[in-house]
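*Asks:* Input structure: input05.pdb, which contains PDB, C-alpha atoms.
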```
MODEL        1
ATOM      1  CA  MET A  15      82.072  52.235 137.368  1.00  0.00           C
ATOM      2  CA  SER A  16      82.649  54.428 134.341  1.00  0.00           C
ATOM      3  CA  ASP A  17      83.343  58.182 134.533  1.00  0.00           C
ATOM      4  CA  ALA A  18      79.928  58.785 132.914  1.00  0.00           C
ATOM      5  CA  ASN A  19      78.274  57.562 136.146  1.00  0.00           C
ATOM      6  CA  ILE A  20      80.265  59.892 138.476  1.00  0.00           C
ATOM      7  CA  ASN A  21      79.071  63.396 139.403  1.00  0.00           C
ATOM      8  CA  GLU A  22      81.222  66.518 139.688  1.00  0.00           C
ATOM      9  CA  LEU A  23      82.046  65.694 143.327  1.00  0.00           C
ATOM     10  CA  GLY A  24      83.309  62.243 142.445  1.00  0.00           C
ATOM     11  CA  GLN A  25      80.245  60.556 143.912  1.00  0.00           C
ATOM     12  CA  PRO A  26      78.233  57.836 142.131  1.00  0.00           C
ATOM     13  CA  LEU A  27      75.108  59.095 140.419  1.00  0.00           C
ATOM     14  CA  GLY A  28      71.758  57.858 141.589  1.00  0.00           C
ATOM     15  CA  ARG A  29      69.304  56.346 139.110  1.00  0.00           C
ATOM     16  CA  ALA A  30      67.324  59.600 138.974  1.00  0.00           C
ATOM     17  CA  GLU A  31      70.480  61.558 138.236  1.00  0.00           C
ATOM     18  CA  MET A  32      71.706  59.327 135.418  1.00  0.00           C
ATOM     19  CA  ARG A  33      70.880  60.463 131.909  1.00  0.00           C
ATOM     20  CA  LEU A  34      71.148  58.418 128.717  1.00  0.00           C
ATOM     21  CA  ASP A  35      71.660  60.081 125.416  1.00  0.00           C
ATOM     22  CA  ASP A  36      69.504  59.299 122.354  1.00  0.00           C
ATOM     23  CA  GLN A  37      72.154  57.107 120.741  1.00  0.00           C
ATOM     24  CA  ALA A  38      72.477  54.899 123.832  1.00  0.00           C
ATOM     25  CA  ILE A  39      68.707  54.436 124.032  1.00  0.00           C
ATOM     26  CA  ALA A  40      68.458  53.615 120.359  1.00  0.00           C
ATOM     27  CA  GLU A  41      71.303  51.084 120.583  1.00  0.00           C
ATOM     28  CA  TYR A  42      69.735  49.453 123.642  1.00  0.00           C
ATOM     29  CA  LEU A  43      66.345  49.033 121.932  1.00  0.00           C
ATOM     30  CA  LEU A  44      67.999  47.615 118.826  1.00  0.00           C
ATOM     31  CA  GLU A  45      69.965  45.139 120.934  1.00  0.00           C
ATOM     32  CA  ASN A  46      66.846  44.206 122.909  1.00  0.00           C
ATOM     33  CA  PRO A  47      63.975  43.878 120.388  1.00  0.00           C
ATOM     34  CA  ASN A  48      61.815  42.093 122.997  1.00  0.00           C
ATOM     35  CA  PHE A  49      61.943  45.030 125.397  1.00  0.00           C
ATOM     36  CA  PHE A  50      58.309  46.056 124.781  1.00  0.00           C
ATOM     37  CA  ASP A  51      57.182  42.418 125.078  1.00  0.00           C
ATOM     38  CA  ASP A  52      58.385  42.535 128.662  1.00  0.00           C
ATOM     39  CA  HIS A  53      56.876  45.993 129.229  1.00  0.00           C
ATOM     40  CA  PRO A  54      53.606  46.114 127.229  1.00  0.00           C
ATOM     41  CA  GLU A  55      52.228  48.877 129.418  1.00  0.00           C
ATOM     42  CA  LEU A  56      54.737  51.290 127.856  1.00  0.00           C
ATOM     43  CA  LEU A  57      53.293  50.901 124.373  1.00  0.00           C
ATOM     44  CA  SER A  58      50.128  52.790 125.233  1.00  0.00           C
ATOM     45  CA  ALA A  59      51.827  55.150 127.701  1.00  0.00           C
ATOM     46  CA  LEU A  60      54.537  56.396 125.321  1.00  0.00           C
ATOM     47  CA  GLN A  61      53.591  59.121 122.895  1.00  0.00           C
ATOM     48  CA  VAL A  62      55.297  60.029 119.630  1.00  0.00           C
ATOM     49  CA  ARG A  63      54.961  63.414 117.971  1.00  0.00           C
ATOM     50  CA  HIS A  64      53.274  63.184 114.549  1.00  0.00           C
ATOM     51  CA  GLN A  65      53.332  66.232 112.272  1.00  0.00           C
ATOM     52  CA  ALA A  66      49.730  65.909 111.116  1.00  0.00           C
ATOM     53  CA  ARG A  67      48.035  64.324 114.148  1.00  0.00           C
ATOM     54  CA  GLY A  68      49.979  65.695 117.101  1.00  0.00           C
ATOM     55  CA  ALA A  69      50.851  63.268 119.904  1.00  0.00           C
ATOM     56  CA  VAL A  70      49.976  59.617 119.224  1.00  0.00           C
ATOM     57  CA  SER A  71      50.784  56.365 121.010  1.00  0.00           C
ATOM     58  CA  LEU A  72      53.790  54.307 119.982  1.00  0.00           C
ATOM     59  CA  VAL A  73      51.517  51.557 118.665  1.00  0.00           C
ATOM     60  CA  GLU A  74      49.614  54.041 116.502  1.00  0.00           C
ATOM     61  CA  ARG A  75      52.865  55.470 115.185  1.00  0.00           C
ATOM     62  CA  GLN A  76      54.154  51.989 114.335  1.00  0.00           C
ATOM     63  CA  GLN A  77      50.939  51.238 112.491  1.00  0.00           C
ATOM     64  CA  GLN A  78      51.218  54.490 110.571  1.00  0.00           C
ATOM     65  CA  VAL A  79      54.829  53.740 109.589  1.00  0.00           C
ATOM     66  CA  LEU A  80      53.826  50.261 108.409  1.00  0.00           C
ATOM     67  CA  ARG A  81      50.930  51.667 106.369  1.00  0.00           C
ATOM     68  CA  GLU A  82      53.282  54.181 104.728  1.00  0.00           C
ATOM     69  CA  LYS A  83      55.740  51.384 103.897  1.00  0.00           C
ATOM     70  CA  ILE A  84      52.934  49.322 102.365  1.00  0.00           C
ATOM     71  CA  VAL A  85      51.790  52.259 100.223  1.00  0.00           C
ATOM     72  CA  HIS A  86      55.388  52.833  99.076  1.00  0.00           C
ATOM     73  CA  LEU A  87      55.817  49.146  98.183  1.00  0.00           C
ATOM     74  CA  GLU A  88      52.517  49.141  96.287  1.00  0.00           C
ATOM     75  CA  GLU A  89      53.669  52.170  94.276  1.00  0.00           C
ATOM     76  CA  GLU A  90      56.968  50.420  93.473  1.00  0.00           C
ATOM     77  CA  ILE A  91      55.147  47.251  92.384  1.00  0.00           C
ATOM     78  CA  THR A  92      52.786  49.294  90.186  1.00  0.00           C
ATOM     79  CA  ALA A  93      55.762  51.049  88.555  1.00  0.00           C
ATOM     80  CA  LEU A  94      57.537  47.723  87.955  1.00  0.00           C
ATOM     81  CA  MET A  95      54.410  46.229  86.396  1.00  0.00           C
ATOM     82  CA  GLY A  96      54.049  49.291  84.151  1.00  0.00           C
ATOM     83  CA  ASN A  97      57.676  48.957  83.023  1.00  0.00           C
ATOM     84  CA  ALA A  98      57.169  45.242  82.396  1.00  0.00           C
ATOM     85  CA  ARG A  99      54.131  45.944  80.194  1.00  0.00           C
ATOM     86  CA  ARG A 100      56.047  48.605  78.233  1.00  0.00           C
ATOM     87  CA  ASN A 101      59.028  46.287  77.781  1.00  0.00           C
ATOM     88  CA  GLU A 102      56.743  43.487  76.605  1.00  0.00           C
ATOM     89  CA  ARG A 103      55.158  45.790  74.020  1.00  0.00           C
ATOM     90  CA  ILE A 104      58.565  46.952  72.781  1.00  0.00           C
ATOM     91  CA  PHE A 105      59.784  43.362  72.520  1.00  0.00           C
ATOM     92  CA  GLN A 106      56.690  42.381  70.531  1.00  0.00           C
ATOM     93  CA  SER A 107      57.166  45.359  68.188  1.00  0.00           C
ATOM     94  CA  TYR A 108      60.796  44.404  67.584  1.00  0.00           C
ATOM     95  CA  SER A 109      59.805  40.794  66.915  1.00  0.00           C
ATOM     96  CA  ILE A 110      57.318  41.912  64.252  1.00  0.00           C
ATOM     97  CA  LEU A 111      59.962  44.208  62.763  1.00  0.00           C
ATOM     98  CA  TYR A 112      62.528  41.397  62.549  1.00  0.00           C
ATOM     99  CA  GLN A 113      60.087  39.245  60.611  1.00  0.00           C
ATOM    100  CA  ALA A 114      59.225  42.107  58.261  1.00  0.00           C
ATOM    101  CA  LEU A 115      62.891  42.924  57.584  1.00  0.00           C
ATOM    102  CA  LEU A 116      63.672  39.337  56.647  1.00  0.00           C
ATOM    103  CA  GLN A 117      60.945  39.487  53.995  1.00  0.00           C
ATOM    104  CA  CYS A 118      62.025  42.801  52.425  1.00  0.00           C
ATOM    105  CA  THR A 119      63.199  42.702  48.814  1.00  0.00           C
ATOM    106  CA  ASP A 120      64.282  46.334  48.420  1.00  0.00           C
ATOM    107  CA  ILE A 121      65.472  49.290  50.471  1.00  0.00           C
ATOM    108  CA  ILE A 122      62.122  51.096  50.355  1.00  0.00           C
ATOM    109  CA  GLN A 123      60.400  48.132  51.989  1.00  0.00           C
ATOM    110  CA  VAL A 124      63.040  48.219  54.729  1.00  0.00           C
ATOM    111  CA  GLU A 125      62.378  51.919  55.281  1.00  0.00           C
ATOM    112  CA  ARG A 126      58.623  51.347  55.485  1.00  0.00           C
ATOM    113  CA  ALA A 127      59.066  48.534  57.998  1.00  0.00           C
ATOM    114  CA  LEU A 128      61.214  50.792  60.200  1.00  0.00           C
ATOM    115  CA  VAL A 129      58.681  53.636  60.031  1.00  0.00           C
ATOM    116  CA  ALA A 130      55.799  51.268  60.841  1.00  0.00           C
ATOM    117  CA  THR A 131      57.566  50.092  63.994  1.00  0.00           C
ATOM    118  CA  PHE A 132      59.274  53.163  65.387  1.00  0.00           C
ATOM    119  CA  VAL A 133      56.958  55.979  64.289  1.00  0.00           C
ATOM    120  CA  ASP A 134      53.522  54.382  63.855  1.00  0.00           C
ATOM    121  CA  ASP A 135      53.702  51.736  66.592  1.00  0.00           C
ATOM    122  CA  LEU A 136      56.156  53.015  69.221  1.00  0.00           C
ATOM    123  CA  GLY A 137      55.377  56.699  68.649  1.00  0.00           C
ATOM    124  CA  LEU A 138      58.864  58.101  68.137  1.00  0.00           C
ATOM    125  CA  THR A 139      59.086  61.619  66.747  1.00  0.00           C
ATOM    126  CA  ALA A 140      61.491  60.960  63.892  1.00  0.00           C
ATOM    127  CA  HIS A 141      63.206  58.258  61.875  1.00  0.00           C
ATOM    128  CA  SER A 142      65.944  58.444  59.273  1.00  0.00           C
ATOM    129  CA  LEU A 143      67.875  55.845  57.295  1.00  0.00           C
ATOM    130  CA  LYS A 144      70.921  57.224  55.478  1.00  0.00           C
ATOM    131  CA  LEU A 145      73.234  55.342  53.117  1.00  0.00           C
ATOM    132  CA  PHE A 146      76.937  56.050  52.573  1.00  0.00           C
ATOM    133  CA  VAL A 147      76.917  54.212  49.238  1.00  0.00           C
ATOM    134  CA  PRO A 148      75.487  55.407  45.907  1.00  0.00           C
ATOM    135  CA  THR A 149      71.703  55.157  45.744  1.00  0.00           C
ATOM    136  CA  PRO A 150      69.006  56.391  43.336  1.00  0.00           C
ATOM    137  CA  HIS A 151      66.870  57.356  46.348  1.00  0.00           C
ATOM    138  CA  LYS A 152      67.995  60.901  47.152  1.00  0.00           C
ATOM    139  CA  HIS A 153      66.216  61.065  50.512  1.00  0.00           C
ATOM    140  CA  LEU A 154      68.379  58.140  51.709  1.00  0.00           C
ATOM    141  CA  ALA A 155      71.682  59.909  50.936  1.00  0.00           C
ATOM    142  CA  PHE A 156      73.641  62.617  52.757  1.00  0.00           C
ATOM    143  CA  ASP A 157      74.553  65.772  50.862  1.00  0.00           C
ATOM    144  CA  ALA A 158      78.213  65.498  49.801  1.00  0.00           C
ATOM    145  CA  ASP A 159      80.414  64.470  52.776  1.00  0.00           C
ATOM    146  CA  THR A 160      78.537  66.368  55.474  1.00  0.00           C
ATOM    147  CA  HIS A 161      78.148  63.253  57.610  1.00  0.00           C
ATOM    148  CA  LYS A 162      81.848  62.433  58.090  1.00  0.00           C
ATOM    149  CA  GLN A 163      82.380  64.783  61.023  1.00  0.00           C
ATOM    150  CA  LEU A 164      79.275  63.382  62.732  1.00  0.00           C
ATOM    151  CA  LEU A 165      80.597  59.823  62.326  1.00  0.00           C
ATOM    152  CA  ARG A 166      83.963  60.707  63.845  1.00  0.00           C
ATOM    153  CA  LYS A 167      82.325  62.520  66.745  1.00  0.00           C
ATOM    154  CA  ARG A 168      79.502  60.128  67.658  1.00  0.00           C
ATOM    155  CA  PHE A 169      81.044  56.726  66.935  1.00  0.00           C
ATOM    156  CA  GLU A 170      84.521  57.186  68.323  1.00  0.00           C
ATOM    157  CA  LYS A 171      84.018  54.539  71.041  1.00  0.00           C
ATOM    158  CA  ALA A 172      81.090  52.387  69.866  1.00  0.00           C
ATOM    159  CA  ALA A 173      78.810  51.768  66.885  1.00  0.00           C
ATOM    160  CA  VAL A 174      75.734  52.815  68.912  1.00  0.00           C
ATOM    161  CA  TYR A 175      75.054  56.295  70.314  1.00  0.00           C
ATOM    162  CA  PHE A 176      72.332  57.242  72.799  1.00  0.00           C
ATOM    163  CA  GLY A 177      71.845  60.815  73.968  1.00  0.00           C
ATOM    164  CA  ARG A 178      71.305  64.354  72.759  1.00  0.00           C
ATOM    165  CA  LEU A 179      72.535  66.208  69.676  1.00  0.00           C
ATOM    166  CA  PRO A 180      72.913  69.876  68.709  1.00  0.00           C
ATOM    167  CA  GLU A 181      70.407  71.385  66.297  1.00  0.00           C
ATOM    168  CA  ALA A 182      72.830  71.264  63.359  1.00  0.00           C
ATOM    169  CA  GLU A 183      73.155  67.475  63.646  1.00  0.00           C
ATOM    170  CA  HIS A 184      69.382  67.113  63.992  1.00  0.00           C
ATOM    171  CA  LYS A 185      68.911  68.918  60.690  1.00  0.00           C
ATOM    172  CA  LEU A 186      71.599  66.794  59.054  1.00  0.00           C
ATOM    173  CA  LEU A 187      69.960  63.540  60.147  1.00  0.00           C
ATOM    174  CA  PHE A 188      66.310  64.544  59.784  1.00  0.00           C
ATOM    175  CA  PRO A 189      66.315  67.188  56.992  1.00  0.00           C
ATOM    176  CA  THR A 190      62.731  66.553  55.840  1.00  0.00           C
ATOM    177  CA  ASN A 191      61.128  66.088  59.249  1.00  0.00           C
ATOM    178  CA  GLU A 192      58.918  68.996  60.325  1.00  0.00           C
ATOM    179  CA  ALA A 193      59.144  67.934  64.001  1.00  0.00           C
ATOM    180  CA  VAL A 194      62.944  68.181  64.113  1.00  0.00           C
ATOM    181  CA  ALA A 195      62.748  71.025  66.652  1.00  0.00           C
ATOM    182  CA  GLN A 196      60.899  68.715  69.054  1.00  0.00           C
ATOM    183  CA  ILE A 197      63.608  66.030  69.105  1.00  0.00           C
ATOM    184  CA  GLU A 198      65.203  65.880  72.548  1.00  0.00           C
ATOM    185  CA  SER A 199      67.071  62.541  72.458  1.00  0.00           C
ATOM    186  CA  VAL A 200      68.291  60.186  69.745  1.00  0.00           C
ATOM    187  CA  ALA A 201      69.539  56.673  69.073  1.00  0.00           C
ATOM    188  CA  LEU A 202      72.115  56.341  66.291  1.00  0.00           C
ATOM    189  CA  LEU A 203      73.091  52.966  64.841  1.00  0.00           C
ATOM    190  CA  LEU A 204      76.128  52.699  62.592  1.00  0.00           C
ATOM    191  CA  LEU A 205      75.637  49.839  60.139  1.00  0.00           C
ATOM    192  CA  GLU A 206      78.755  48.068  58.963  1.00  0.00           C
ATOM    193  CA  GLN A 207      79.231  45.388  56.306  1.00  0.00           C
ATOM    194  CA  GLU A 208      81.801  42.690  56.914  1.00  0.00           C
ATOM    195  CA  LEU A 209      83.988  42.316  53.828  1.00  0.00           C
ATOM    196  CA  VAL A 210      85.239  38.934  52.675  1.00  0.00           C
ATOM    197  CA  THR A 211      89.018  38.586  52.817  1.00  0.00           C
ATOM    198  CA  ALA A 212      91.162  36.423  50.536  1.00  0.00           C
ATOM    199  CA  GLU A 213      92.693  34.539  53.447  1.00  0.00           C
ATOM    200  CA  GLU A 214      90.518  32.869  56.060  1.00  0.00           C
ATOM    201  CA  SER A 215      93.024  33.638  58.813  1.00  0.00           C
ATOM    202  CA  ALA A 216      93.135  37.343  57.987  1.00  0.00           C
ATOM    203  CA  PRO A 217      91.119  39.691  60.249  1.00  0.00           C
ATOM    204  CA  ALA A 218      87.739  40.693  58.804  1.00  0.00           C
ATOM    205  CA  ASN A 219      87.450  44.199  57.422  1.00  0.00           C
ATOM    206  CA  LYS A 220      84.272  46.232  57.807  1.00  0.00           C
ATOM    207  CA  ARG A 221      82.810  48.929  55.625  1.00  0.00           C
ATOM    208  CA  GLN A 222      80.506  51.587  57.041  1.00  0.00           C
ATOM    209  CA  PHE A 223      77.557  51.713  54.654  1.00  0.00           C
ATOM    210  CA  ALA A 224      74.526  53.164  56.485  1.00  0.00           C
ATOM    211  CA  LEU A 225      73.226  54.990  59.537  1.00  0.00           C
ATOM    212  CA  LEU A 226      69.872  54.557  61.272  1.00  0.00           C
ATOM    213  CA  ALA A 227      68.727  57.512  63.397  1.00  0.00           C
ATOM    214  CA  LEU A 228      65.725  57.501  65.750  1.00  0.00           C
ATOM    215  CA  GLY A 229      64.499  60.634  67.500  1.00  0.00           C
ATOM    216  CA  SER A 230      62.209  61.175  70.482  1.00  0.00           C
ATOM    217  CA  GLN A 231      60.687  64.302  72.008  1.00  0.00           C
ATOM    218  CA  ASP A 232      61.302  62.765  75.456  1.00  0.00           C
ATOM    219  CA  PRO A 233      64.770  63.795  76.771  1.00  0.00           C
ATOM    220  CA  ALA A 234      64.943  60.590  78.832  1.00  0.00           C
ATOM    221  CA  HIS A 235      63.881  58.190  76.073  1.00  0.00           C
ATOM    222  CA  PHE A 236      67.428  57.570  74.831  1.00  0.00           C
ATOM    223  CA  GLU A 237      70.055  57.978  77.553  1.00  0.00           C
ATOM    224  CA  PRO A 238      73.785  57.125  77.417  1.00  0.00           C
ATOM    225  CA  ASN A 239      73.495  54.521  80.198  1.00  0.00           C
ATOM    226  CA  MET A 240      70.654  52.592  78.525  1.00  0.00           C
ATOM    227  CA  ASP A 241      70.945  48.895  77.750  1.00  0.00           C
ATOM    228  CA  HIS A 242      71.947  48.214  74.112  1.00  0.00           C
ATOM    229  CA  LEU A 243      70.552  44.679  73.794  1.00  0.00           C
ATOM    230  CA  LEU A 244      67.538  45.210  71.502  1.00  0.00           C
ATOM    231  CA  ILE A 245      69.156  47.996  69.498  1.00  0.00           C
ATOM    232  CA  SER A 246      72.319  45.917  68.997  1.00  0.00           C
ATOM    233  CA  GLN A 247      70.250  42.967  67.765  1.00  0.00           C
ATOM    234  CA  LEU A 248      68.478  45.245  65.276  1.00  0.00           C
ATOM    235  CA  GLN A 249      71.827  46.683  64.240  1.00  0.00           C
ATOM    236  CA  ALA A 250      73.188  43.188  63.524  1.00  0.00           C
ATOM    237  CA  LEU A 251      70.097  42.213  61.529  1.00  0.00           C
ATOM    238  CA  LEU A 252      70.117  45.380  59.421  1.00  0.00           C
ATOM    239  CA  SER A 253      73.847  44.962  58.759  1.00  0.00           C
ATOM    240  CA  HIS A 254      73.023  41.559  57.318  1.00  0.00           C
ATOM    241  CA  VAL A 255      69.796  42.417  55.464  1.00  0.00           C
ATOM    242  CA  LEU A 256      70.690  45.771  53.882  1.00  0.00           C
ATOM    243  CA  PRO A 257      73.936  45.203  51.908  1.00  0.00           C
ATOM    244  CA  PRO A 258      72.366  42.936  49.245  1.00  0.00           C
ATOM    245  CA  LEU A 259      69.562  45.490  48.801  1.00  0.00           C
ATOM    246  CA  VAL A 260      71.784  48.542  48.266  1.00  0.00           C
ATOM    247  CA  LYS A 261      74.197  47.118  45.690  1.00  0.00           C
TER     248      LYS A 261
ENDMDL
END
```
Let me see the structure of the file written as structure tokens.

*Replies:*
Amino acid sequence: MSDANINELGQPLGRAEMRLDDQAIAEYLLENPNFFDDHPELLSALQVRHQARGAVSLVERQQQVLREKIVHLEEEITALMGNARRNERIFQSYSILYQALLQCTDIIQVERALVATFVDDLGLTAHSLKLFVPTPHKHLAFDADTHKQLLRKRFEKAAVYFGRLPEAEHKLLFPTNEAVAQIESVALLLLEQELVTAEESAPANKRQFALLALGSQDPAHFEPNMDHLLISQLQALLSHVLPPLVK
């Protein structure tokens, strides 16, 4: 007999004197899930305190817990279906954009295709395509070398940046956009052109030639931990389509 079943006088405790703690009861019920099958009369006799309804039977409390779980699962399913519909719409918009980009014959058509998708269709606050190479289109060029610090800061680890920017960088990327103050998160895509080398075995060199910036008034729209799949595919396509159009 364990010490827990001995009283202060060293005598065995009677059944009425023995006390089980909450943990022991919980462990026993978990180890014996058929306990209430053998004692059905306890289901209606036991009462559980409910914040809104006061004392209720164990069966009623179990039913309430199950109903709450069902409601929670239904809410999760609804949220997943909503996300699936949004993702399907985004995928369709990107597919239309890819087709449009492949048919573009000049840089202005590319810019219009990007605006049609990201601003008109997907409702982003701002869009900006900037070239690092000479161009007759002034709105597509940075002033002097003002962009170099931004490139070093935002693309140190990868050619895609998701997150937030200070106001000065907003104005640099979106100088003509009246809604620049409303931009809370951005996606930046560095576009690089692969240069042909004289020797096939030599490593390919890349030239940075453009930057695509997308801005949203939703702080959570572009987050650092977001998946890069669609954006990276667009980045690869633009890196292939744009160079012949900006020569």

*Asks:* Can you tell me, as a PyMOL selection string, what residues are no more than 7 Å from Pro233 (chain A) when counting all atoms listed in the file, ignoring any on the same chain fewer than 2 positions away?

*Replies:* chain A and resi 198-199+231+235

*Asks:* Written as a short mmCIF file (atom, residue, chain, number, x, y, z; two decimals) with C-alpha atoms, keeping the file's coordinate frame, what is the full residue list that the PyMOL selection byres ((chain A and resi 122) around 12) yields on the file shown?

*Replies:*
```cif
data_model
loop_
_atom_site.label_atom_id
_atom_site.label_comp_id
_atom_site.auth_asym_id
_atom_site.auth_seq_id
_atom_site.Cartn_x
_atom_site.Cartn_y
_atom_site.Cartn_z
CA LEU A 115 62.89 42.92 57.58
CA CYS A 118 62.02 42.80 52.42
CA THR A 119 63.20 42.70 48.81
CA ASP A 120 64.28 46.33 48.42
CA ILE A 121 65.47 49.29 50.47
CA GLN A 123 60.40 48.13 51.99
CA VAL A 124 63.04 48.22 54.73
CA GLU A 125 62.38 51.92 55.28
CA ARG A 126 58.62 51.35 55.48
CA ALA A 127 59.07 48.53 58.00
CA LEU A 128 61.21 50.79 60.20
CA VAL A 129 58.68 53.64 60.03
CA LEU A 143 67.88 55.84 57.30
CA LYS A 144 70.92 57.22 55.48
CA THR A 149 71.70 55.16 45.74
CA PRO A 150 69.01 56.39 43.34
CA HIS A 151 66.87 57.36 46.35
CA LYS A 152 68.00 60.90 47.15
CA HIS A 153 66.22 61.06 50.51
CA LEU A 154 68.38 58.14 51.71
CA LEU A 256 70.69 45.77 53.88
CA LEU A 259 69.56 45.49 48.80
CA VAL A 260 71.78 48.54 48.27
#
```

*Asks:* Using only C-alpha atoms, can you tell me which of A:Leu187, A:Glu74, A:Arg100, A:Ile84 comes closest to Leu164 (chain A)?

*Replies:*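 The answer is A:Leu187, which sits nearest to Leu164 (chain A).
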
*Asks:* On this structure, which residues satisfy the PyMOL selection byres ((chain A and resi 207) around 12), written as a PyMOL selection string?

*Replies:* chain A and resi 146-147+204-206+208-210+218-225+249-258+260-261

*Asks:* What is the distance between CA of Pro189 (chain A) and CA of Ser142 (chain A), in Å to one decimal?

*Replies:*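 So the two atoms, CA of Pro189 (chain A) and CA of Ser142 (chain A), lie 9.0 Å apart.
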
*Asks:* Nearest to Asn239 (chain A): which of A:Phe169, A:Asn191, A:Val174, A:Glu183 is it, counting all atoms listed in the file?

*Replies:*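 Of A:Phe169, A:Asn191, A:Val174, A:Glu183, the one nearest Asn239 (chain A), counting all atoms listed in the file, is A:Val174.
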
*Asks:* With a distance cut-off of 9 Å and only C-alpha atoms, select the neighbouring residues of region 108-111 of chain A, excluding the residue or stretch itself and same-chain residues fewer than 3 positions from it, and output the selection as a list in words.

*Replies:*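 Everything that qualifies: Arg103, Ile104, Phe105, Ala114, Leu115, Leu116, Ala127, Leu128, Ala130, Thr131, Leu244 and Leu248 of chain A.
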
*Asks:* Evaluate the PyMOL selection byres ((chain A and resi 180) around 12) here and jot the selected residues down as a PyMOL selection string.

*Replies:* chain A and resi 164+168+177-179+181-187+194-195+197-200

*Asks:* For a test of reading the model, state the distance in Å between CA of Asp36 (chain A) and CA of Arg81 (chain A), rounded to one decimal.

*Replies:*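 Atom-to-atom, CA of Asp36 (chain A) to CA of Arg81 (chain A), that is 25.7 Å.
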
*Asks:* In Å, rounded to a single decimal, give me how far CA of Leu226 (chain A) is from CA of Leu203 (chain A).

*Replies:*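 Distance between the two atoms: 5.1 Å.
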